[in-house]
Amino acid sequence: MILIKNAYVKTVTKGDLENTSILLQEGKIAEISQFIDPTSEMHIIDAKGMIVTPGLIDCHSHVGAWEEGLGWEGNDINEMTNPINPGLRIIDAVNPDDIGFWDARRGGVTTVQTMPGSGNIIGGLMFAIKTYGSIVDDMILKNPTGMKAAFGENPKRFYGTQDKQPKTRMGNAYLLRKALTEAKEYIANENEYDIKMENLSLVLKKEIPLRVHAHRADDILTAIRIAKEFDIEITIEHCTEGHKVASALATNNIWCNIGPSLWQRAKVETKDITPSTPAVIAESGGRVTLITDHNIIPQHYFRIAAGLAVREGLSEQQAWEAVTINPAKVIGVADRVGSIEVNKDADLVIWNGDPFEPTTHCIITIIDGKIVYKKEDN
């Protein structure tokens, strides 16, 4: 049992609370009040002068499956043997010993949606996990949470240079349509069990969304077009040129998971990258989250990307929502995480200043009511 007292609490969904105490019990937030009497059973943390926030949530990461400090040995996010791979599951590639999980905890990131890469048109299933644990199965928050798909340069470069399909953006779209059509027929005809079609059927049944890697505006529009054709739910991952088609994204009520913003113009389709994209889409009425694409942006710099978005026009409240409650909604776990509310998971972070400022330190990170990081652990 932990009692955090005298804190400035940023609940995200219920406003900011001054001089407030939070009681954590059995892994949950048990009480939020200015008047909680301490007992001998409580581990007391005096957070006077500190800010307490929900744990940050990154809904587009490769942590655990694209390990830092390694080369090909630790890069398991793309099975580059076939452009259509719905039978894969990223859970089978995640190493909980990856230092990226440590970075997440020391950066206040308590939940991630880790996923396959963008080398294939369809890359496999993803899932959401807490960032603390030694056994992946025990870290799961929700599984599966989406099917990875990708448009743009990556698939056509990987396969086109081998003189295989896809070599063009037309080829990208064709292969996705073909796979979805085959899954539709599989459902209708009740064919013999096929793990690829079973997994892809989850998308057509709207049990999970198709999460589409798309940097360029034309790829974003292709994703929207195909989503309408097959009546499926999609999210746009990266959404680098989303500011160019903000009205279409807003009109279609599509989640835009934007980032990485702290990145070079690494390829042609990211030449127009700008940290103002979240603000432009939000101003148009669109729904946004911020993402790291770890390890493009290391997990512990997630909060800095949020600060940059604020500098470029996203309101502070919108930025907080974009790294907490909005990604929780995108993943489908907003009933458990993403805000400081009674009965939600006790995933909290204590900061010694504004978390969006680079000079601020994460002092304590708590996951499921357990202290998993303290500043002196560095």
# chains A, B, ... in the order shown; residues from 1 in each chain; ligands from 1
call {"tool": "residues_around", "arguments": {"residues": "Asp219 (chain A)", "least_positions_apart": "3", "cutoff": "10 Å", "atoms": "only C-alpha atoms", "output": "ChimeraX atom specification"}}
result
/A:150-153,169,172-173,212-216,222-225,236,239,241,269
call {"tool": "closest_atom_pairs", "arguments": {"of": "region 170-283 of chain A", "to": "region 126-149 of chain A", "cutoff": "8 Å", "atoms": "only C-alpha atoms", "output": "Markdown table"}}
result
| residue | atom | partner | partner_atom | distance |
| --- | --- | --- | --- | --- |
| A:Leu200 | CA | A:Met147 | CA | 7.5 |
| A:Val203 | CA | A:Met147 | CA | 7.3 |
| A:Ile208 | CA | A:Gly146 | CA | 5.0 |
| A:Pro209 | CA | A:Gly146 | CA | 5.1 |
| A:Leu210 | CA | A:Met147 | CA | 4.9 |
| A:Arg211 | CA | A:Lys148 | CA | 5.0 |
| A:Val212 | CA | A:Ala149 | CA | 4.7 |
| A:His213 | CA | A:Ala149 | CA | 6.1 |
call {"tool": "select_by_dssp", "arguments": {"residues": "region 141-226 of chain A", "states": "alpha helix (DSSP H)", "output": "short mmCIF file (atom, residue, chain, number, x, y, z; two decimals) with N, CA, C and O atoms, in the first residue's frame"}}
result
data_model
loop_
_atom_site.label_atom_id
_atom_site.label_comp_id
_atom_site.auth_asym_id
_atom_site.auth_seq_id
_atom_site.Cartn_x
_atom_site.Cartn_y
_atom_site.Cartn_z
N GLU A 153 7.27 3.70 -49.13
CA GLU A 153 8.58 3.30 -49.65
C GLU A 153 9.06 1.94 -49.15
O GLU A 153 9.68 1.20 -49.91
N ASN A 154 8.81 1.63 -47.91
CA ASN A 154 9.47 0.46 -47.32
C ASN A 154 9.15 -0.85 -48.04
O ASN A 154 10.06 -1.56 -48.49
N PRO A 155 7.87 -1.23 -48.18
CA PRO A 155 7.61 -2.52 -48.85
C PRO A 155 8.09 -2.55 -50.30
O PRO A 155 8.68 -3.55 -50.73
N LYS A 156 7.87 -1.44 -51.04
CA LYS A 156 8.26 -1.48 -52.45
C LYS A 156 9.77 -1.43 -52.62
O LYS A 156 10.30 -1.92 -53.62
N ARG A 157 10.47 -0.89 -51.64
CA ARG A 157 11.94 -0.91 -51.71
C ARG A 157 12.47 -2.31 -51.39
O ARG A 157 13.30 -2.85 -52.12
N PHE A 158 11.96 -2.90 -50.31
CA PHE A 158 12.46 -4.21 -49.89
C PHE A 158 12.23 -5.28 -50.96
O PHE A 158 13.11 -6.10 -51.23
N TYR A 159 11.05 -5.27 -51.57
CA TYR A 159 10.73 -6.32 -52.54
C TYR A 159 11.02 -5.90 -53.98
O TYR A 159 11.42 -6.73 -54.81
N GLY A 160 10.81 -4.63 -54.28
CA GLY A 160 11.04 -4.15 -55.64
C GLY A 160 12.48 -4.30 -56.08
O GLY A 160 12.77 -4.60 -57.24
N ARG A 169 3.52 1.76 -55.58
CA ARG A 169 2.42 2.00 -54.65
C ARG A 169 1.15 1.29 -55.11
O ARG A 169 0.33 0.87 -54.28
N MET A 170 0.97 1.14 -56.42
CA MET A 170 -0.15 0.35 -56.91
C MET A 170 -0.04 -1.09 -56.42
O MET A 170 -1.05 -1.70 -56.02
N GLY A 171 1.17 -1.62 -56.45
CA GLY A 171 1.39 -2.98 -55.98
C GLY A 171 1.11 -3.12 -54.50
O GLY A 171 0.54 -4.13 -54.05
N ASN A 172 1.52 -2.11 -53.72
CA ASN A 172 1.21 -2.12 -52.28
C ASN A 172 -0.29 -2.26 -52.05
O ASN A 172 -0.75 -3.12 -51.28
N ALA A 173 -1.06 -1.39 -52.69
CA ALA A 173 -2.52 -1.38 -52.49
C ALA A 173 -3.15 -2.68 -52.99
O ALA A 173 -4.07 -3.23 -52.36
N TYR A 174 -2.68 -3.17 -54.14
CA TYR A 174 -3.24 -4.40 -54.70
C TYR A 174 -3.06 -5.58 -53.74
O TYR A 174 -4.00 -6.35 -53.48
N LEU A 175 -1.86 -5.73 -53.20
CA LEU A 175 -1.61 -6.88 -52.32
C LEU A 175 -2.44 -6.80 -51.05
O LEU A 175 -2.89 -7.84 -50.53
N LEU A 176 -2.67 -5.60 -50.53
CA LEU A 176 -3.51 -5.48 -49.34
C LEU A 176 -4.96 -5.83 -49.70
O LEU A 176 -5.62 -6.58 -48.96
N ARG A 177 -5.45 -5.28 -50.82
CA ARG A 177 -6.82 -5.62 -51.23
C ARG A 177 -6.97 -7.13 -51.45
O ARG A 177 -7.98 -7.73 -51.07
N LYS A 178 -6.00 -7.73 -52.09
CA LYS A 178 -6.06 -9.17 -52.37
C LYS A 178 -6.14 -9.98 -51.06
O LYS A 178 -6.94 -10.91 -50.95
N ALA A 179 -5.31 -9.60 -50.09
CA ALA A 179 -5.31 -10.32 -48.81
C ALA A 179 -6.64 -10.16 -48.08
O ALA A 179 -7.17 -11.13 -47.52
N LEU A 180 -7.18 -8.95 -48.09
CA LEU A 180 -8.46 -8.71 -47.42
C LEU A 180 -9.59 -9.45 -48.13
O LEU A 180 -10.51 -9.97 -47.49
N THR A 181 -9.53 -9.50 -49.44
CA THR A 181 -10.55 -10.23 -50.21
C THR A 181 -10.49 -11.72 -49.89
O THR A 181 -11.53 -12.38 -49.71
N GLU A 182 -9.28 -12.26 -49.81
CA GLU A 182 -9.13 -13.68 -49.47
C GLU A 182 -9.65 -13.97 -48.07
O GLU A 182 -10.28 -15.02 -47.83
N ALA A 183 -9.41 -13.05 -47.14
CA ALA A 183 -9.90 -13.24 -45.77
C ALA A 183 -11.43 -13.17 -45.74
O ALA A 183 -12.08 -13.91 -44.99
N LYS A 184 -11.99 -12.29 -46.55
CA LYS A 184 -13.45 -12.17 -46.64
C LYS A 184 -14.06 -13.47 -47.16
O LYS A 184 -15.08 -13.96 -46.64
N GLU A 185 -13.45 -14.05 -48.18
CA GLU A 185 -13.92 -15.32 -48.73
C GLU A 185 -13.74 -16.45 -47.73
O GLU A 185 -14.57 -17.36 -47.63
N TYR A 186 -12.65 -16.41 -46.98
CA TYR A 186 -12.38 -17.42 -45.95
C TYR A 186 -13.50 -17.44 -44.91
O TYR A 186 -13.99 -18.50 -44.52
N ILE A 187 -13.92 -16.25 -44.50
CA ILE A 187 -15.00 -16.15 -43.51
C ILE A 187 -16.30 -16.68 -44.09
O ILE A 187 -17.02 -17.45 -43.44
N ALA A 188 -16.59 -16.29 -45.31
CA ALA A 188 -17.87 -16.65 -45.93
C ALA A 188 -17.98 -18.15 -46.21
O ALA A 188 -19.06 -18.74 -46.06
N ASN A 189 -16.89 -18.77 -46.57
CA ASN A 189 -16.92 -20.17 -46.99
C ASN A 189 -16.55 -21.16 -45.90
O ASN A 189 -16.61 -22.38 -46.11
N ILE A 195 -4.11 -20.15 -40.21
CA ILE A 195 -3.74 -19.17 -39.19
C ILE A 195 -3.63 -17.76 -39.76
O ILE A 195 -3.99 -16.78 -39.11
N LYS A 196 -3.16 -17.65 -41.00
CA LYS A 196 -3.06 -16.32 -41.61
C LYS A 196 -4.44 -15.69 -41.77
O LYS A 196 -4.67 -14.53 -41.41
N MET A 197 -5.37 -16.47 -42.31
CA MET A 197 -6.71 -15.95 -42.55
C MET A 197 -7.47 -15.73 -41.25
O MET A 197 -8.27 -14.80 -41.13
N GLU A 198 -7.23 -16.58 -40.27
CA GLU A 198 -7.87 -16.40 -38.96
C GLU A 198 -7.47 -15.05 -38.37
O GLU A 198 -8.32 -14.30 -37.88
N ASN A 199 -6.18 -14.75 -38.40
CA ASN A 199 -5.71 -13.49 -37.84
C ASN A 199 -6.24 -12.30 -38.62
O ASN A 199 -6.67 -11.29 -38.03
N LEU A 200 -6.24 -12.38 -39.94
CA LEU A 200 -6.72 -11.27 -40.76
C LEU A 200 -8.23 -11.12 -40.64
O LEU A 200 -8.76 -10.00 -40.77
N SER A 201 -8.92 -12.20 -40.36
CA SER A 201 -10.37 -12.13 -40.16
C SER A 201 -10.74 -11.24 -38.97
O SER A 201 -11.82 -10.65 -38.95
N LEU A 202 -9.85 -11.13 -38.00
CA LEU A 202 -10.11 -10.27 -36.85
C LEU A 202 -10.30 -8.82 -37.28
O LEU A 202 -11.07 -8.08 -36.67
N VAL A 203 -9.61 -8.43 -38.35
CA VAL A 203 -9.75 -7.06 -38.88
C VAL A 203 -11.10 -6.90 -39.55
O VAL A 203 -11.82 -5.92 -39.31
N LEU A 204 -11.48 -7.86 -40.39
CA LEU A 204 -12.75 -7.77 -41.11
C LEU A 204 -13.95 -7.85 -40.17
O LEU A 204 -15.01 -7.28 -40.45
N ALA A 217 0.96 11.86 -47.84
CA ALA A 217 -0.46 12.17 -47.90
C ALA A 217 -1.22 11.22 -48.83
O ALA A 217 -2.34 10.78 -48.51
N ASP A 218 -0.63 10.89 -49.97
CA ASP A 218 -1.34 10.00 -50.91
C ASP A 218 -1.49 8.60 -50.33
O ASP A 218 -2.52 7.94 -50.55
N ASP A 219 -0.51 8.13 -49.57
CA ASP A 219 -0.64 6.83 -48.92
C ASP A 219 -1.71 6.85 -47.83
O ASP A 219 -2.44 5.87 -47.64
N ILE A 220 -1.81 7.97 -47.13
CA ILE A 220 -2.87 8.12 -46.12
C ILE A 220 -4.24 8.01 -46.78
O ILE A 220 -5.14 7.31 -46.29
N LEU A 221 -4.41 8.67 -47.91
CA LEU A 221 -5.69 8.63 -48.61
C LEU A 221 -5.99 7.24 -49.18
O LEU A 221 -7.15 6.81 -49.21
N THR A 222 -4.96 6.53 -49.63
CA THR A 222 -5.16 5.16 -50.09
C THR A 222 -5.65 4.27 -48.95
O THR A 222 -6.56 3.44 -49.13
N ALA A 223 -5.08 4.46 -47.77
CA ALA A 223 -5.50 3.68 -46.60
C ALA A 223 -6.97 3.95 -46.27
O ALA A 223 -7.74 3.03 -45.98
N ILE A 224 -7.37 5.22 -46.33
CA ILE A 224 -8.77 5.58 -46.07
C ILE A 224 -9.68 4.95 -47.12
O ILE A 224 -10.76 4.42 -46.81
N ARG A 225 -9.26 5.00 -48.37
CA ARG A 225 -10.05 4.43 -49.47
C ARG A 225 -10.30 2.94 -49.26
O ARG A 225 -11.42 2.44 -49.39
N ILE A 226 -9.25 2.20 -48.92
CA ILE A 226 -9.37 0.75 -48.72
C ILE A 226 -10.20 0.44 -47.48
O ILE A 226 -11.00 -0.52 -47.47
#
call {"tool": "select_by_dssp", "arguments": {"residues": "region 41-256 of chain A", "states": "strand (DSSP E)", "output": "ChimeraX atom specification"}}
result
/A:43-46,51-54,56-61,109-114,122-130,140-150,210-214,234-238,255-256
call {"tool": "residues_around", "arguments": {"residues": "Val280 (chain A)", "least_positions_apart": "3", "cutoff": "6 Å", "atoms": "only C-alpha atoms", "output": "JSON, numbers by chain"}}
result
{"A": [243, 277, 283]}
call {"tool": "closest_residue", "arguments": {"among": "A:His238, A:Lys205, A:Arg311, A:Lys244", "to": "Ile281 (chain A)", "atoms": "only C-alpha atoms"}}
result
A:Lys244
